[in-house]
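Trainee: So that you have it, the file is input13.cif, and it contains mmCIF, C-alpha atoms:
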```cif
data_protein
loop_
_atom_site.label_atom_id
_atom_site.label_comp_id
_atom_site.auth_asym_id
_atom_site.auth_seq_id
_atom_site.Cartn_x
_atom_site.Cartn_y
_atom_site.Cartn_z
CA MET X 1 70.17 -159.54 -66.29
CA SER X 2 73.85 -160.38 -65.96
CA SER X 3 75.00 -163.98 -65.70
CA ARG X 4 76.25 -163.34 -62.16
CA ILE X 5 72.75 -162.43 -61.02
CA ARG X 6 71.02 -165.11 -63.13
CA VAL X 7 72.91 -167.85 -61.31
CA PHE X 8 70.68 -167.21 -58.26
CA ALA X 9 67.63 -168.18 -60.33
CA THR X 10 68.98 -171.73 -60.79
CA SER X 11 68.42 -174.46 -58.21
CA VAL X 12 72.12 -174.54 -57.32
CA GLY X 13 72.26 -170.75 -57.13
CA THR X 14 69.13 -170.72 -54.98
CA LYS X 15 70.68 -173.18 -52.53
CA LEU X 16 73.87 -171.11 -52.55
CA LEU X 17 71.94 -167.91 -51.77
CA ILE X 18 69.98 -169.69 -49.03
CA GLY X 19 73.29 -170.87 -47.57
CA ILE X 20 74.92 -167.43 -47.75
CA THR X 21 71.94 -165.68 -46.16
CA GLY X 22 71.68 -168.45 -43.57
CA LEU X 23 75.36 -167.99 -42.70
CA ALA X 24 74.86 -164.22 -42.37
CA LEU X 25 71.88 -164.80 -40.06
CA PHE X 26 73.91 -167.30 -38.04
CA LEU X 27 76.75 -164.79 -37.59
CA PHE X 28 74.22 -162.18 -36.47
CA LEU X 29 72.74 -164.71 -34.04
CA LEU X 30 76.17 -165.38 -32.51
CA SER X 31 76.80 -161.67 -31.96
CA HIS X 32 73.25 -161.21 -30.61
CA ILE X 33 73.71 -164.06 -28.12
CA ALA X 34 77.12 -162.70 -27.05
CA GLY X 35 75.62 -159.26 -26.43
CA ASN X 36 72.62 -160.63 -24.60
CA ALA X 37 74.88 -162.72 -22.37
CA LEU X 38 75.93 -159.43 -20.79
CA VAL X 39 72.62 -159.56 -18.91
CA PHE X 40 74.45 -161.84 -16.45
CA LEU X 41 76.80 -158.97 -15.54
CA GLY X 42 73.97 -156.91 -14.09
CA PRO X 43 71.75 -153.99 -15.04
CA THR X 44 74.46 -151.33 -15.36
CA THR X 45 76.57 -153.33 -17.82
CA PHE X 46 73.61 -154.65 -19.83
CA ASN X 47 71.84 -151.29 -20.07
CA ALA X 48 75.10 -149.54 -21.04
CA TYR X 49 75.64 -152.13 -23.78
CA SER X 50 72.08 -151.84 -25.07
CA HIS X 51 72.28 -148.04 -25.01
CA ALA X 52 75.55 -148.13 -26.97
CA LEU X 53 73.77 -150.21 -29.61
CA THR X 54 70.52 -148.26 -29.79
CA SER X 55 72.29 -144.88 -29.90
CA ASN X 56 74.62 -145.97 -32.73
CA PRO X 57 73.50 -144.20 -35.95
CA LEU X 58 74.51 -147.24 -38.05
CA ILE X 59 72.03 -149.56 -36.31
CA PRO X 60 69.00 -148.56 -38.48
CA VAL X 61 71.06 -149.27 -41.63
CA ILE X 62 72.24 -152.60 -40.19
CA GLU X 63 68.64 -153.49 -39.27
CA ILE X 64 67.49 -152.81 -42.84
CA VAL X 65 70.30 -154.94 -44.28
CA LEU X 66 69.49 -157.70 -41.76
CA LEU X 67 65.80 -157.51 -42.72
CA LEU X 68 66.68 -157.80 -46.43
CA ILE X 69 68.89 -160.83 -45.71
CA PHE X 70 66.11 -162.40 -43.64
CA LEU X 71 63.45 -161.75 -46.31
CA THR X 72 65.74 -163.06 -49.07
CA HIS X 73 66.38 -166.22 -47.05
CA ILE X 74 62.64 -166.75 -46.54
CA PHE X 75 61.68 -165.93 -50.14
CA LYS X 76 64.28 -168.17 -51.76
CA THR X 77 63.54 -171.03 -49.35
CA VAL X 78 59.79 -170.87 -49.88
CA THR X 79 60.13 -170.61 -53.67
CA MET X 80 62.53 -173.56 -53.68
CA PHE X 81 60.18 -175.59 -51.46
CA LEU X 82 57.16 -174.82 -53.66
CA GLY X 83 59.16 -175.54 -56.82
CA ASN X 84 60.20 -178.91 -55.39
CA GLN X 85 56.57 -179.67 -54.53
CA GLN X 86 55.46 -178.91 -58.10
CA THR X 87 58.27 -180.98 -59.56
CA ARG X 88 57.49 -183.99 -57.40
CA PRO X 89 53.90 -183.72 -56.06
CA VAL X 90 53.92 -187.37 -54.91
CA ALA X 91 56.19 -188.28 -52.04
CA TYR X 92 58.90 -190.85 -52.64
CA ALA X 93 58.07 -194.32 -51.37
CA ARG X 94 60.31 -195.40 -48.52
CA LYS X 95 61.37 -199.00 -48.95
CA LYS X 96 63.44 -200.80 -46.36
CA SER X 97 64.68 -203.15 -49.07
CA GLN X 98 66.56 -200.32 -50.82
CA GLY X 99 69.30 -200.47 -48.19
CA GLY X 100 71.74 -197.73 -47.30
CA PRO X 101 71.22 -194.96 -44.80
CA SER X 102 68.58 -192.34 -45.45
CA ARG X 103 69.82 -188.76 -45.78
CA ARG X 104 66.55 -187.51 -44.31
CA SER X 105 66.42 -186.42 -40.73
CA LEU X 106 63.87 -184.77 -38.48
CA SER X 107 65.72 -181.49 -39.00
CA SER X 108 65.67 -181.79 -42.79
CA THR X 109 62.01 -182.77 -43.03
CA THR X 110 60.81 -179.97 -40.74
CA MET X 111 62.84 -177.06 -42.14
CA ILE X 112 59.78 -175.22 -43.50
CA LEU X 113 57.83 -175.70 -40.25
CA SER X 114 60.76 -174.69 -38.06
CA GLY X 115 61.41 -171.74 -40.34
CA LEU X 116 57.80 -170.57 -40.03
CA TRP X 117 57.95 -170.95 -36.24
CA LEU X 118 61.18 -168.95 -36.20
CA LEU X 119 59.60 -166.21 -38.30
CA ILE X 120 56.81 -165.90 -35.73
CA PHE X 121 59.41 -166.04 -32.94
CA VAL X 122 61.47 -163.21 -34.45
CA ILE X 123 58.37 -161.03 -34.83
CA ILE X 124 57.37 -161.63 -31.20
CA HIS X 125 60.97 -161.17 -29.99
CA VAL X 126 61.39 -157.84 -31.80
CA LYS X 127 57.96 -156.62 -30.69
CA THR X 128 58.69 -157.57 -27.08
CA PHE X 129 62.15 -156.09 -26.73
CA LYS X 130 62.60 -153.42 -29.40
CA TYR X 131 59.08 -152.02 -29.20
CA GLY X 132 58.23 -153.09 -25.64
CA PRO X 133 57.72 -150.80 -22.65
CA GLU X 134 60.21 -147.98 -22.18
CA TYR X 135 61.44 -148.15 -18.61
CA PRO X 136 63.90 -145.43 -17.61
CA SER X 137 67.11 -146.65 -15.98
CA ASP X 138 69.31 -145.05 -13.35
CA LEU X 139 71.37 -143.52 -16.15
CA GLU X 140 69.93 -140.43 -17.85
CA GLY X 141 68.35 -141.17 -21.25
CA VAL X 142 69.03 -144.92 -21.07
CA ARG X 143 66.26 -147.48 -21.45
CA ASP X 144 66.14 -150.16 -18.74
CA LEU X 145 66.19 -153.25 -20.94
CA TYR X 146 67.50 -155.27 -18.01
CA ARG X 147 64.16 -154.77 -16.25
CA LEU X 148 62.24 -155.63 -19.41
CA VAL X 149 64.20 -158.88 -19.80
CA GLY X 150 63.62 -159.75 -16.15
CA GLU X 151 59.89 -159.09 -16.36
CA ASN X 152 59.46 -161.12 -19.53
CA PHE X 153 61.38 -164.12 -18.25
CA THR X 154 59.45 -164.37 -15.00
CA ASN X 155 56.50 -165.51 -17.14
CA PRO X 156 56.69 -169.34 -17.49
CA LEU X 157 54.83 -169.23 -20.83
CA MET X 158 57.41 -166.83 -22.25
CA VAL X 159 60.25 -168.99 -20.94
CA GLY X 160 58.64 -172.08 -22.48
CA PHE X 161 58.14 -170.27 -25.80
CA TYR X 162 61.81 -169.25 -25.81
CA VAL X 163 63.04 -172.75 -24.90
CA VAL X 164 61.00 -174.33 -27.74
CA SER X 165 62.12 -171.61 -30.13
CA LEU X 166 65.79 -172.03 -29.27
CA LEU X 167 65.52 -175.80 -29.70
CA LEU X 168 64.01 -175.17 -33.14
CA VAL X 169 66.81 -172.70 -33.94
CA GLY X 170 69.26 -175.47 -33.08
CA SER X 171 67.43 -177.98 -35.26
CA HIS X 172 67.20 -175.47 -38.12
CA LEU X 173 70.91 -174.65 -37.85
CA TRP X 174 71.82 -178.34 -37.60
CA HIS X 175 70.33 -179.06 -41.00
CA GLY X 176 71.43 -175.74 -42.48
CA ALA X 177 75.03 -176.37 -41.47
CA SER X 178 74.96 -179.88 -42.91
#
```
Now, as a test, write the supplied structure out as structure tokens.

Mentor:
Amino acid sequence: MSSRIRVFATSVGTKLLIGITGLALFLFLLSHIAGNALVFLGPTTFNAYSHALTSNPLIPVIEIVLLLIFLTHIFKTVTMFLGNQQTRPVAYARKKSQGGPSRRSLSSTTMILSGLWLLIFVIIHVKTFKYGPEYPSDLEGVRDLYRLVGENFTNPLMVGFYVVSLLLVGSHLWHGAS
């Protein structure tokens, strides 16, 4: 194994790889949000946008690359977390007399839990919208994703699930960015 690849087996390299994959996922999230914001321009615009994406022959390749980035992020994070647990199986004692601000935050202490929630969220999100019902739109051969979005977000449980999930995305990104 070359030294350039071996660096990712070290703790610093692991954190670097987690940061790089996290940044790639963040950039994807920004583009995904920007595209989904087109839903506010109505069914014709949103369905035309979604059709342009789904009919692009590069999308399956991009999805595979995105999946590999996502799995690498998860794998390296979980292995780092488990390695840290083995190294220090007993939690540090928190003493008020030590002084100085703590670097721990709610975001930092719940990264694994928020990450697991987000994994479940992504699976549900993809199942709901990529593999959900195929409604035909007014345009020939175009899937009516606008209708699917509308139907899903009339369900208060789905809206609540998305609100909690997006708050956890924010918390996860807050720590990841720091």

Trainee: Kindly indicate which residue among X:Ile62, X:Ala177, X:Leu67, X:Leu113 lies nearest to Ser165 of chain X, using all atoms listed in the file for the distances.

Mentor: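 Between X:Ile62, X:Ala177, X:Leu67, X:Leu113, the residue approaching Ser165 of chain X most closely is X:Leu113.
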
Trainee: Any idea what the distance is between atom CA of Thr10 of chain X and atom CA of Gly115 of chain X?

Mentor: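 Value for the atom CA of Thr10 of chain X-atom CA of Gly115 of chain X distance: 21.8 Å.
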
Trainee: Which value, in Å to one decimal, gives the distance between atom CA of Tyr146 of chain X and atom CA of Thr44 of chain X?

Mentor: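 Separating atom CA of Tyr146 of chain X from atom CA of Thr44 of chain X is a distance of 8.4 Å.
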
Trainee: Written as a PyMOL selection string, which residues does the PyMOL selection byres ((chain X and resi 124-132) around 10) give for the file shown?

Mentor: chain X and resi 54+118-123+133-135+145+148-149+152+162

Trainee: Tell me which of X:Phe153, X:Phe161, X:Phe26, X:Trp174 sits closest to His73 of chain X, counting all atoms listed in the file.

Mentor: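 Under the stated criterion, the closest residue is X:Phe26.
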
Trainee: I'd like the contact shell of Thr110 of chain X - 12 Å cut-off, all atoms listed in the file, skipping same-chain residues fewer than 3 positions apart - returned as an NGL selection string.

Mentor: :X and (81 or 104-107 or 113-118 or 168-169 or 171-176)

Trainee: When the PyMOL selection byres ((chain X and resi 21) around 12) is applied to the file above, which residues end up in the set, as a short mmCIF file (atom, residue, chain, number, x, y, z; two decimals) with C-alpha atoms, in the frame of the given file?

Mentor:
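Contents of part_33.cif, freshly written:
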```
data_model
loop_
_atom_site.label_atom_id
_atom_site.label_comp_id
_atom_site.auth_asym_id
_atom_site.auth_seq_id
_atom_site.Cartn_x
_atom_site.Cartn_y
_atom_site.Cartn_z
CA THR X 14 69.13 -170.72 -54.98
CA LYS X 15 70.68 -173.18 -52.53
CA LEU X 16 73.87 -171.11 -52.55
CA LEU X 17 71.94 -167.91 -51.77
CA ILE X 18 69.98 -169.69 -49.03
CA GLY X 19 73.29 -170.87 -47.57
CA ILE X 20 74.92 -167.43 -47.75
CA GLY X 22 71.68 -168.45 -43.57
CA LEU X 23 75.36 -167.99 -42.70
CA ALA X 24 74.86 -164.22 -42.37
CA LEU X 25 71.88 -164.80 -40.06
CA PHE X 26 73.91 -167.30 -38.04
CA LEU X 27 76.75 -164.79 -37.59
CA PHE X 28 74.22 -162.18 -36.47
CA VAL X 65 70.30 -154.94 -44.28
CA LEU X 66 69.49 -157.70 -41.76
CA LEU X 67 65.80 -157.51 -42.72
CA LEU X 68 66.68 -157.80 -46.43
CA ILE X 69 68.89 -160.83 -45.71
CA PHE X 70 66.11 -162.40 -43.64
CA LEU X 71 63.45 -161.75 -46.31
CA THR X 72 65.74 -163.06 -49.07
CA HIS X 73 66.38 -166.22 -47.05
CA ILE X 74 62.64 -166.75 -46.54
CA PHE X 75 61.68 -165.93 -50.14
CA LYS X 76 64.28 -168.17 -51.76
CA THR X 77 63.54 -171.03 -49.35
CA GLY X 176 71.43 -175.74 -42.48
#
```

Trainee: What does the distance from atom CA of Asp144 of chain X to atom CA of Ser55 of chain X come to in Å, to one decimal?

Mentor: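 Going from atom CA of Asp144 of chain X over to atom CA of Ser55 of chain X, I get 13.8 Å.
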
Trainee: When distances are computed from all atoms listed in the file, which of X:Pro57, X:Gln85, X:Leu157, X:His51 shows the smallest separation from Arg143 of chain X?

Mentor: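 Once distances to Arg143 of chain X are computed over all atoms listed in the file, the minimum belongs to X:His51.
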
Trainee: Give the answer as one residue: which of X:Gly35, X:Gly42, X:Gly170, X:Gly13 has the shortest atom-to-atom distance to Gly150 of chain X, using all atoms listed in the file?

Mentor: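 Ranking X:Gly35, X:Gly42, X:Gly170, X:Gly13 by distance to Gly150 of chain X, first place goes to X:Gly42.
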
Trainee: I'd like to know which of X:Met80, X:Pro156, X:Leu166, X:Ala52 is closest to Ile33 of chain X, using all atoms listed in the file.

Mentor: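 The closest residue to Ile33 of chain X is X:Leu166.
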